[in-house]
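Next comes upload.cif, with mmCIF, C-alpha atoms and all ligand atoms.
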data_run
loop_
_atom_site.group_PDB
_atom_site.id
_atom_site.type_symbol
_atom_site.label_atom_id
_atom_site.label_comp_id
_atom_site.auth_asym_id
_atom_site.auth_seq_id
_atom_site.Cartn_x
_atom_site.Cartn_y
_atom_site.Cartn_z
ATOM 1 C CA ALA A 42 38.929 -42.744 32.618
ATOM 2 C CA THR A 43 37.468 -43.552 29.246
ATOM 3 C CA PRO A 44 34.124 -41.959 28.478
ATOM 4 C CA THR A 45 32.850 -45.283 27.109
ATOM 5 C CA ALA A 46 33.306 -47.093 30.412
ATOM 6 C CA LEU A 47 31.580 -44.272 32.246
ATOM 7 C CA LEU A 48 28.620 -44.506 29.937
ATOM 8 C CA VAL A 49 28.369 -48.217 30.739
ATOM 9 C CA GLY A 50 28.147 -47.226 34.393
ATOM 10 C CA THR A 51 25.417 -44.690 33.812
ATOM 11 C CA GLY A 52 23.563 -47.197 31.651
ATOM 12 C CA ARG A 53 23.669 -49.830 34.370
ATOM 13 C CA GLY A 54 22.470 -47.177 36.809
ATOM 14 C CA ALA A 55 19.448 -46.587 34.617
ATOM 15 C CA GLN A 56 18.686 -50.312 34.798
ATOM 16 C CA LEU A 57 18.659 -50.144 38.599
ATOM 17 C CA GLY A 58 16.287 -47.218 38.479
ATOM 18 C CA THR A 59 18.932 -44.535 38.900
ATOM 19 C CA LEU A 60 19.404 -41.716 36.380
ATOM 20 C CA ILE A 61 22.933 -40.362 36.525
ATOM 21 C CA LYS A 62 23.316 -37.084 34.666
ATOM 22 C CA GLY A 63 26.718 -37.440 33.058
ATOM 23 C CA PRO A 64 30.074 -39.129 33.746
ATOM 24 C CA GLN A 65 31.454 -36.394 36.056
ATOM 25 C CA VAL A 66 28.781 -37.373 38.571
ATOM 26 C CA LEU A 67 30.475 -40.728 39.167
ATOM 27 C CA GLU A 68 33.701 -38.986 40.184
ATOM 28 C CA ASP A 69 31.772 -36.628 42.505
ATOM 29 C CA THR A 70 29.997 -39.590 44.084
ATOM 30 C CA ARG A 71 33.322 -41.240 44.914
ATOM 31 C CA ARG A 72 34.536 -38.159 46.828
ATOM 32 C CA VAL A 73 31.430 -37.684 48.965
ATOM 33 C CA ASP A 74 31.957 -38.155 52.737
ATOM 34 C CA THR A 75 28.832 -36.491 54.165
ATOM 35 C CA ILE A 76 25.184 -36.939 53.289
ATOM 36 C CA VAL A 77 22.337 -34.594 54.200
ATOM 37 C CA LEU A 78 18.849 -36.096 54.110
ATOM 38 C CA ASP A 79 15.711 -33.995 53.857
ATOM 39 C CA LYS A 80 13.171 -35.368 56.338
ATOM 40 C CA THR A 81 9.724 -34.994 54.817
ATOM 41 C CA GLY A 82 9.196 -37.046 51.678
ATOM 42 C CA THR A 83 12.724 -38.466 51.782
ATOM 43 C CA VAL A 84 13.267 -40.236 55.118
ATOM 44 C CA THR A 85 9.490 -40.268 55.606
ATOM 45 C CA THR A 86 6.811 -40.989 53.015
ATOM 46 C CA GLY A 87 5.569 -37.390 53.066
ATOM 47 C CA ASP A 88 2.060 -38.786 53.002
ATOM 48 C CA LEU A 89 0.781 -36.853 55.997
ATOM 49 C CA ARG A 90 -2.467 -37.641 57.864
ATOM 50 C CA LEU A 91 -4.478 -35.439 60.184
ATOM 51 C CA ARG A 92 -4.375 -37.150 63.612
ATOM 52 C CA SER A 93 -5.815 -34.815 66.232
ATOM 53 C CA ILE A 94 -7.315 -31.408 66.893
ATOM 54 C CA ALA A 95 -7.269 -29.424 70.154
ATOM 55 C CA VAL A 96 -9.286 -26.244 70.676
ATOM 56 C CA ARG A 97 -9.523 -23.526 73.287
ATOM 57 C CA GLY A 98 -12.570 -21.626 74.543
ATOM 58 C CA ARG A 99 -15.824 -22.353 72.793
ATOM 59 C CA LEU A 100 -14.494 -23.031 69.354
ATOM 60 C CA SER A 101 -15.597 -26.440 68.074
ATOM 61 C CA LYS A 102 -13.133 -28.843 66.489
ATOM 62 C CA LYS A 103 -15.257 -28.771 63.360
ATOM 63 C CA ALA A 104 -15.078 -24.972 63.118
ATOM 64 C CA ALA A 105 -11.311 -25.091 63.641
ATOM 65 C CA LEU A 106 -10.874 -27.707 60.913
ATOM 66 C CA THR A 107 -13.192 -25.815 58.553
ATOM 67 C CA ALA A 108 -11.214 -22.591 58.897
ATOM 68 C CA ALA A 109 -7.840 -24.316 58.617
ATOM 69 C CA ALA A 110 -8.831 -26.360 55.577
ATOM 70 C CA ALA A 111 -10.377 -23.343 53.873
ATOM 71 C CA VAL A 112 -7.066 -21.469 54.107
ATOM 72 C CA GLU A 113 -5.028 -24.529 53.112
ATOM 73 C CA GLN A 114 -7.033 -25.038 49.899
ATOM 74 C CA GLY A 115 -4.654 -22.469 48.457
ATOM 75 C CA SER A 116 -1.474 -24.341 49.440
ATOM 76 C CA GLU A 117 0.381 -27.268 47.867
ATOM 77 C CA HIS A 118 2.239 -28.049 51.089
ATOM 78 C CA PRO A 119 1.920 -31.674 52.353
ATOM 79 C CA ILE A 120 0.557 -30.347 55.678
ATOM 80 C CA ALA A 121 -2.054 -28.354 53.762
ATOM 81 C CA ARG A 122 -3.065 -31.409 51.744
ATOM 82 C CA ALA A 123 -3.465 -33.462 54.955
ATOM 83 C CA ILE A 124 -5.694 -30.813 56.535
ATOM 84 C CA VAL A 125 -7.846 -30.444 53.405
ATOM 85 C CA ALA A 126 -8.173 -34.255 53.170
ATOM 86 C CA GLY A 127 -9.155 -34.399 56.874
ATOM 87 C CA ALA A 128 -11.951 -31.896 56.252
ATOM 88 C CA ALA A 129 -13.146 -33.825 53.180
ATOM 89 C CA GLU A 130 -13.245 -37.063 55.210
ATOM 90 C CA ALA A 131 -15.357 -35.282 57.815
ATOM 91 C CA GLY A 132 -17.755 -34.208 55.046
ATOM 92 C CA ILE A 133 -17.069 -30.505 55.577
ATOM 93 C CA ASP A 134 -17.925 -27.988 52.841
ATOM 94 C CA LEU A 135 -15.251 -25.328 52.682
ATOM 95 C CA PRO A 136 -16.082 -21.625 52.617
ATOM 96 C CA ARG A 137 -14.555 -19.389 49.956
ATOM 97 C CA ILE A 138 -11.347 -17.559 50.732
ATOM 98 C CA SER A 139 -9.705 -14.423 49.418
ATOM 99 C CA ASP A 140 -6.264 -12.786 49.708
ATOM 100 C CA PHE A 141 -4.416 -16.081 50.138
ATOM 101 C CA SER A 142 -0.704 -15.851 50.845
ATOM 102 C CA THR A 143 2.020 -18.183 52.147
ATOM 103 C CA ASN A 144 5.090 -17.714 54.296
ATOM 104 C CA PRO A 145 7.296 -20.493 52.959
ATOM 105 C CA GLY A 146 8.423 -22.759 55.795
ATOM 106 C CA GLU A 147 6.023 -21.160 58.267
ATOM 107 C CA GLY A 148 2.405 -21.299 57.150
ATOM 108 C CA ALA A 149 -0.394 -19.631 55.218
ATOM 109 C CA THR A 150 -2.980 -16.859 55.605
ATOM 110 C CA ALA A 151 -6.265 -16.002 53.889
ATOM 111 C CA ARG A 152 -9.477 -14.097 54.495
ATOM 112 C CA ILE A 153 -12.750 -15.879 55.199
ATOM 113 C CA LYS A 154 -15.692 -13.453 54.939
ATOM 114 C CA GLY A 155 -13.274 -10.591 55.421
ATOM 115 C CA THR A 156 -11.616 -12.009 58.546
ATOM 116 C CA GLU A 157 -7.962 -12.982 58.407
ATOM 117 C CA VAL A 158 -7.199 -16.595 59.352
ATOM 118 C CA THR A 159 -3.661 -17.923 59.802
ATOM 119 C CA VAL A 160 -2.462 -21.544 59.832
ATOM 120 C CA GLY A 161 1.103 -22.498 60.702
ATOM 121 C CA LYS A 162 3.933 -22.357 63.217
ATOM 122 C CA ALA A 163 3.563 -20.774 66.667
ATOM 123 C CA ALA A 164 5.906 -18.000 65.546
ATOM 124 C CA LEU A 165 3.164 -16.648 63.244
ATOM 125 C CA PHE A 166 0.935 -15.814 66.254
ATOM 126 C CA GLU A 167 1.215 -13.190 68.960
ATOM 127 C CA THR A 168 -0.292 -15.587 71.508
ATOM 128 C CA VAL A 169 -0.460 -19.355 71.750
ATOM 129 C CA ASP A 170 -1.805 -20.475 75.129
ATOM 130 C CA GLU A 171 -0.254 -23.227 77.255
ATOM 131 C CA GLY A 172 -3.042 -25.714 76.555
ATOM 132 C CA LEU A 173 -2.413 -25.586 72.825
ATOM 133 C CA ARG A 174 1.356 -25.655 73.267
ATOM 134 C CA SER A 175 1.087 -28.732 75.475
ATOM 135 C CA HIS A 176 -1.020 -30.464 72.817
ATOM 136 C CA ALA A 177 1.902 -29.894 70.468
ATOM 137 C CA ALA A 178 4.426 -31.204 72.986
ATOM 138 C CA SER A 179 2.474 -34.332 73.931
ATOM 139 C CA ASN A 180 1.679 -35.562 70.421
ATOM 140 C CA ALA A 181 3.928 -37.266 67.909
ATOM 141 C CA GLY A 182 3.977 -35.536 64.546
ATOM 142 C CA THR A 183 3.881 -31.929 63.432
ATOM 143 C CA THR A 184 1.489 -29.523 65.120
ATOM 144 C CA VAL A 185 0.343 -26.345 63.405
ATOM 145 C CA PHE A 186 -1.960 -23.709 64.867
ATOM 146 C CA VAL A 187 -4.984 -21.950 63.452
ATOM 147 C CA GLY A 188 -6.130 -18.576 64.676
ATOM 148 C CA TRP A 189 -7.645 -15.170 64.095
ATOM 149 C CA ASP A 190 -6.075 -11.743 64.713
ATOM 150 C CA GLY A 191 -2.774 -13.102 65.955
ATOM 151 C CA VAL A 192 -4.332 -15.391 68.575
ATOM 152 C CA ALA A 193 -4.045 -19.163 68.105
ATOM 153 C CA GLU A 194 -7.394 -20.848 68.814
ATOM 154 C CA ALA A 195 -6.717 -24.468 67.841
ATOM 155 C CA ALA A 196 -3.881 -26.922 67.239
ATOM 156 C CA LEU A 197 -3.914 -29.527 64.484
ATOM 157 C CA THR A 198 -1.476 -32.412 64.509
ATOM 158 C CA VAL A 199 -0.494 -34.208 61.323
ATOM 159 C CA GLU A 200 1.609 -37.328 61.257
ATOM 160 C CA ASP A 201 4.001 -38.682 58.708
ATOM 161 C CA THR A 202 5.307 -42.242 58.402
ATOM 162 C CA VAL A 203 8.984 -43.139 58.312
ATOM 163 C CA ARG A 204 9.642 -45.192 55.166
ATOM 164 C CA PRO A 205 10.082 -48.821 56.249
ATOM 165 C CA THR A 206 13.402 -49.007 54.361
ATOM 166 C CA SER A 207 14.938 -45.818 55.825
ATOM 167 C CA LYS A 208 16.601 -47.262 58.917
ATOM 168 C CA ASP A 209 18.526 -50.018 57.115
ATOM 169 C CA ALA A 210 19.346 -47.696 54.233
ATOM 170 C CA ILE A 211 20.844 -45.154 56.653
ATOM 171 C CA ALA A 212 22.885 -47.864 58.400
ATOM 172 C CA ARG A 213 24.211 -48.852 54.970
ATOM 173 C CA LEU A 214 25.211 -45.243 54.198
ATOM 174 C CA ALA A 215 27.108 -45.112 57.497
ATOM 175 C CA GLY A 216 28.718 -48.431 56.503
ATOM 176 C CA LEU A 217 29.878 -46.797 53.264
ATOM 177 C CA GLY A 218 31.747 -44.309 55.465
ATOM 178 C CA LEU A 219 29.308 -41.409 55.178
ATOM 179 C CA THR A 220 28.349 -39.059 58.014
ATOM 180 C CA VAL A 221 24.561 -38.633 57.943
ATOM 181 C CA TYR A 222 22.650 -35.413 58.726
ATOM 182 C CA LEU A 223 18.873 -34.814 58.887
ATOM 183 C CA LEU A 224 17.585 -31.468 57.560
ATOM 184 C CA THR A 225 14.067 -30.087 57.947
ATOM 185 C CA GLY A 226 11.862 -27.055 58.292
ATOM 186 C CA ASP A 227 9.853 -28.986 60.855
ATOM 187 C CA GLY A 228 10.324 -28.390 64.596
ATOM 188 C CA GLU A 229 13.130 -29.814 66.726
ATOM 189 C CA SER A 230 11.123 -32.371 68.727
ATOM 190 C CA ASN A 231 9.527 -34.100 65.747
ATOM 191 C CA ALA A 232 12.813 -34.020 63.829
ATOM 192 C CA ARG A 233 14.636 -35.663 66.752
ATOM 193 C CA SER A 234 11.982 -38.326 67.060
ATOM 194 C CA VAL A 235 12.365 -39.233 63.372
ATOM 195 C CA ALA A 236 16.183 -39.173 63.738
ATOM 196 C CA GLU A 237 15.935 -41.564 66.666
ATOM 197 C CA GLN A 238 13.699 -43.964 64.696
ATOM 198 C CA VAL A 239 16.202 -44.191 61.840
ATOM 199 C CA GLY A 240 19.469 -44.079 63.802
ATOM 200 C CA ILE A 241 20.721 -40.561 63.042
ATOM 201 C CA ASP A 242 22.812 -38.913 65.794
ATOM 202 C CA PRO A 243 20.687 -36.137 67.439
ATOM 203 C CA ALA A 244 23.713 -33.833 67.198
ATOM 204 C CA ARG A 245 23.370 -34.071 63.406
ATOM 205 C CA VAL A 246 19.749 -32.899 63.260
ATOM 206 C CA ARG A 247 19.197 -29.461 61.682
ATOM 207 C CA ALA A 248 15.550 -28.501 62.400
ATOM 208 C CA ASP A 249 13.471 -25.321 61.972
ATOM 209 C CA VAL A 250 15.498 -24.428 58.882
ATOM 210 C CA LEU A 251 13.609 -22.077 56.567
ATOM 211 C CA PRO A 252 13.373 -23.149 52.905
ATOM 212 C CA ALA A 253 15.602 -20.251 51.856
ATOM 213 C CA ASP A 254 18.271 -21.329 54.357
ATOM 214 C CA LYS A 255 18.518 -25.040 53.545
ATOM 215 C CA HIS A 256 21.358 -24.545 51.044
ATOM 216 C CA GLN A 257 23.336 -22.685 53.728
ATOM 217 C CA VAL A 258 23.412 -25.796 55.907
ATOM 218 C CA VAL A 259 25.078 -27.584 52.982
ATOM 219 C CA ALA A 260 27.465 -24.665 52.374
ATOM 220 C CA GLU A 261 28.485 -24.614 56.038
ATOM 221 C CA LEU A 262 29.448 -28.306 55.950
ATOM 222 C CA GLN A 263 31.422 -27.610 52.754
ATOM 223 C CA ARG A 264 33.301 -24.787 54.520
ATOM 224 C CA GLU A 265 34.303 -27.364 57.154
ATOM 225 C CA GLY A 266 35.930 -29.293 54.304
ATOM 226 C CA LYS A 267 33.205 -31.899 53.842
ATOM 227 C CA VAL A 268 32.214 -33.188 50.408
ATOM 228 C CA VAL A 269 28.450 -33.169 50.652
ATOM 229 C CA ALA A 270 25.666 -35.150 49.023
ATOM 230 C CA MET A 271 22.114 -33.899 49.549
ATOM 231 C CA VAL A 272 18.963 -35.987 49.094
ATOM 232 C CA GLY A 273 15.621 -34.215 48.735
ATOM 233 C CA ASP A 274 12.348 -34.156 46.897
ATOM 234 C CA GLY A 275 10.612 -30.829 47.372
ATOM 235 C CA VAL A 276 10.597 -27.444 45.658
ATOM 236 C CA ASN A 277 12.233 -26.266 48.902
ATOM 237 C CA ASP A 278 15.144 -28.576 48.412
ATOM 238 C CA ALA A 279 16.219 -27.431 44.924
ATOM 239 C CA PRO A 280 18.773 -24.775 46.032
ATOM 240 C CA ALA A 281 20.330 -27.221 48.522
ATOM 241 C CA LEU A 282 20.535 -29.923 45.819
ATOM 242 C CA ALA A 283 22.280 -27.427 43.551
ATOM 243 C CA GLN A 284 24.655 -26.302 46.332
ATOM 244 C CA ALA A 285 25.684 -29.853 47.238
ATOM 245 C CA ASP A 286 28.683 -31.519 45.590
ATOM 246 C CA LEU A 287 26.223 -34.231 44.652
ATOM 247 C CA GLY A 288 22.452 -33.694 44.522
ATOM 248 C CA LEU A 289 20.095 -36.666 44.591
ATOM 249 C CA ALA A 290 16.351 -36.240 44.000
ATOM 250 C CA MET A 291 13.608 -38.726 44.649
ATOM 251 C CA GLY A 292 11.815 -39.513 41.397
ATOM 252 C CA SER A 293 8.450 -39.085 43.112
ATOM 253 C CA GLY A 294 9.429 -35.523 43.987
ATOM 254 C CA THR A 295 8.896 -32.199 42.283
ATOM 255 C CA ASP A 296 10.204 -31.348 38.801
ATOM 256 C CA VAL A 297 12.381 -28.536 40.175
ATOM 257 C CA ALA A 298 14.110 -30.940 42.534
ATOM 258 C CA MET A 299 14.777 -33.379 39.687
ATOM 259 C CA ASP A 300 16.110 -30.573 37.472
ATOM 260 C CA SER A 301 18.542 -29.447 40.192
ATOM 261 C CA ALA A 302 19.849 -32.931 40.942
ATOM 262 C CA ASP A 303 22.855 -34.832 39.536
ATOM 263 C CA ILE A 304 21.192 -38.171 40.215
ATOM 264 C CA VAL A 305 17.477 -38.965 40.059
ATOM 265 C CA LEU A 306 16.358 -42.008 42.035
ATOM 266 C CA VAL A 307 13.465 -43.555 40.203
ATOM 267 C CA ARG A 308 12.740 -45.818 43.174
ATOM 268 C CA SER A 309 11.362 -43.808 46.084
ATOM 269 C CA ASP A 310 13.401 -45.189 48.912
ATOM 270 C CA LEU A 311 16.693 -44.335 50.523
ATOM 271 C CA ASP A 312 18.232 -47.685 49.673
ATOM 272 C CA ALA A 313 18.487 -46.372 46.118
ATOM 273 C CA VAL A 314 21.021 -43.830 47.478
ATOM 274 C CA GLY A 315 23.290 -46.634 48.719
ATOM 275 C CA ASP A 316 22.866 -48.402 45.367
ATOM 276 C CA ALA A 317 23.849 -45.263 43.455
ATOM 277 C CA ILE A 318 26.960 -44.747 45.583
ATOM 278 C CA ASP A 319 27.978 -48.412 45.389
ATOM 279 C CA LEU A 320 27.455 -48.435 41.640
ATOM 280 C CA SER A 321 29.527 -45.289 41.067
ATOM 281 C CA ARG A 322 32.394 -46.630 43.156
ATOM 282 C CA GLN A 323 32.358 -50.010 41.392
ATOM 283 C CA THR A 324 32.224 -48.377 37.968
ATOM 284 C CA LEU A 325 35.256 -46.235 38.777
ATOM 285 C CA ARG A 326 37.159 -49.277 40.052
ATOM 286 C CA VAL A 327 36.544 -51.054 36.743
ATOM 287 C CA ILE A 328 37.853 -48.053 34.805
ATOM 288 C CA LYS A 329 41.000 -47.475 36.917
HETATM 289 P P1 LIG B 1 10.142 -29.609 55.325
HETATM 290 O O1 LIG B 1 11.573 -29.275 55.584
HETATM 291 O O2 LIG B 1 9.695 -30.733 56.194
HETATM 292 O O3 LIG B 1 9.859 -29.829 53.855
HETATM 293 P P2 LIG B 1 8.837 -26.929 55.269
HETATM 294 O O4 LIG B 1 10.010 -26.017 55.244
HETATM 295 O O5 LIG B 1 8.046 -27.052 54.026
HETATM 296 O O6 LIG B 1 9.261 -28.378 55.862
HETATM 297 O O7 LIG B 1 7.830 -26.459 56.419
HETATM 298 C C1 LIG B 1 8.325 -26.244 57.735
HETATM 299 C C2 LIG B 1 7.200 -26.007 58.716
HETATM 300 O O8 LIG B 1 6.477 -24.812 58.363
HETATM 301 C C3 LIG B 1 6.156 -27.093 58.782
HETATM 302 O O9 LIG B 1 6.552 -28.159 59.630
HETATM 303 C C4 LIG B 1 4.964 -26.316 59.337
HETATM 304 O O10 LIG B 1 5.086 -26.143 60.731
HETATM 305 C C5 LIG B 1 5.098 -24.949 58.677
HETATM 306 N N1 LIG B 1 4.337 -24.822 57.421
HETATM 307 C C6 LIG B 1 4.837 -24.618 56.185
HETATM 308 N N2 LIG B 1 3.863 -24.494 55.271
HETATM 309 C C7 LIG B 1 2.679 -24.646 55.919
HETATM 310 C C8 LIG B 1 1.290 -24.651 55.548
HETATM 311 N N3 LIG B 1 0.885 -24.451 54.291
HETATM 312 N N4 LIG B 1 0.381 -24.830 56.522
HETATM 313 C C9 LIG B 1 0.758 -25.032 57.783
HETATM 314 N N5 LIG B 1 2.033 -25.054 58.218
HETATM 315 C C10 LIG B 1 2.989 -24.860 57.313
HETATM 316 MG MG MG B 2 10.632 -32.092 51.882
#
Could you take the file, read its structure, and then write that structure out as structure tokens?
Amino acid sequence: ATPTALLVGTGRGAQLGTLIKGPQVLEDTRRVDTIVLDKTGTVTTGDLRLRSIAVRGRLSKKAALTAAAAVEQGSEHPIARAIVAGAAEAGIDLPRISDFSTNPGEGATARIKGTEVTVGKAALFETVDEGLRSHAASNAGTTVFVGWDGVAEAALTVEDTVRPTSKDAIARLAGLGLTVYLLTGDGESNARSVAEQVGIDPARVRADVLPADKHQVVAELQREGKVVAMVGDGVNDAPALAQADLGLAMGSGTDVAMDSADIVLVRSDLDAVGDAIDLSRQTLRVIK
């Protein structure tokens, strides 16, 4: 392969809105047989909206939303942003918080007037009653809980939208001979519902994966002999992008993700992944 021809390929990629970081990437792209897609922000828009609130006992929905949004002021997570936006839309003034901390991939905690409030997955609470759990089970989207002293008192459901282009883009990837996996820190039921909407085999859904463990899912597929591409956008995804044989970051994503990737997709839809793979294969054919 002549370096000149490869540079033509990368230049054409840039025209299509694809930044390919160096000629070696084209060769790696040709070898890929498996592709792992991050769910939130990649297959979906990542633009989450607060959809519903359920409470137990005498707690009002407004009080539940106030407490949750107050804690989430400290977090950059898309779920946190949706909850804070929901409170703003309801005209709620948020109380001050102190001692904010996050458990990446699980939730966040802070003190409001000295009392500790937690927002996040059921696993963060000692008790989550059946009523709140059933709210989670009967609603589409991601449900997080808010509670005091280890007891969940309310459930908030946020919903994401599958990108309109994802289903066809995923069918195209399968047509290019790639096996497609869906990877997420979100729960199993929501992950499966998204997989079903876009035509990913439920057996290839990896849900409830902690941010620190995402790269291990990639490594495991590599140990099985697969040559793996990973597509992601979040801070969470950076180690998995680096671990993959080929890392692709959405251009709308975080700087860390773009730094860790081999290819940056300027256009924020999955069809750009098919374009990048097609382009690399064509470029190599021209050279050989
Ligand atoms: P993804 O793989 O979709 O990017 P994350 O690993 O960031 O997901 O988060 C996984 C799950 O952890 C979320 O679906 C949510 O249940 C919980 N979670 C993480 N951060 C927060 C937060 N700040 N507030 C509430 N829940 C959170
Ligand atoms: Mg993500």
Within 10 Å of Ala232 in chain A, counting only C-alpha atoms, which residues show up once you throw out same-chain ones fewer than 6 positions away? Write them as a list in words, please.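 Near neighbours after the sequence-gap exclusion: Lys80, Thr81, Gly182, Thr183, Leu223, Leu224, Thr225, Gly226, Pro243, Val246, Arg247, Ala248 and Asp249 of chain A.
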Picked residues, the PyMOL selection byres (((chain A and resi 186) around 7) and not hetatm), as a PyMOL selection string: chain A and resi 160-163+184-185+187-188+193+195-197
Might you spell out which residues the PyMOL selection byres (((chain A and resi 143) around 10) and not hetatm) would select in the displayed file, as a ChimeraX atom specification? /A:112-113,115-116,118,141-142,144-151,159-161
From A:Arg308, A:Arg322, A:Arg204, A:His256, residue lying nearest Val77 in chain A [all atoms listed in the file]: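 Closest candidate: A:His256.
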Return the single residue from A:Ala123, A:Ala215, A:Val96, A:Val158 that is closest to Trp189 in chain A, with distances computed using all atoms listed in the file. A:Val158
Record the distance separating CA of Ala317 in chain A and CA of Thr59 in chain A, expressed in Å with one decimal.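 Taking CA of Ala317 in chain A as the start and CA of Thr59 in chain A as the end point, the length is 6.7 Å.
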Report as JSON, numbers by chain the full result of the PyMOL selection byres (((chain A and resi 304) around 9) and not hetatm) when it is applied to this structure. {"A": [59, 60, 61, 62, 66, 287, 288, 289, 290, 291, 299, 302, 303, 305, 306, 317]}
Report, in Å with one decimal, the straight-line distance from CA of Thr295 in chain A to CA of Gly275 in chain A. 5.5 Å
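Proximity ranking of A:Ala181, A:Ala313, A:Ile94, A:Ile76 relative to Ser230 in chain A places A:Ala181 first, based on only C-alpha atoms.
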Counting all atoms listed in the file, the option among A:Thr70, A:Thr83, A:Thr198, A:Gln284 closest to ligand MG 2 (chain B): A:Thr83
Counting all atoms listed in the file, the option among A:Asn231, A:Gly240, A:Arg72, A:Glu265 closest to Arg213 in chain A: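 Once distances to Arg213 in chain A are computed over all atoms listed in the file, the minimum belongs to A:Gly240.
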Looking at only C-alpha atoms, which of A:Val192, A:Leu251, A:Ala121, A:Val235 is the one that sits closest to Lys208 in chain A? A:Val235
Provide the CA of Arg71 in chain A to CA of Gly273 in chain A distance in Å, to one decimal place.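 Going from CA of Arg71 in chain A over to CA of Gly273 in chain A, I get 19.4 Å.
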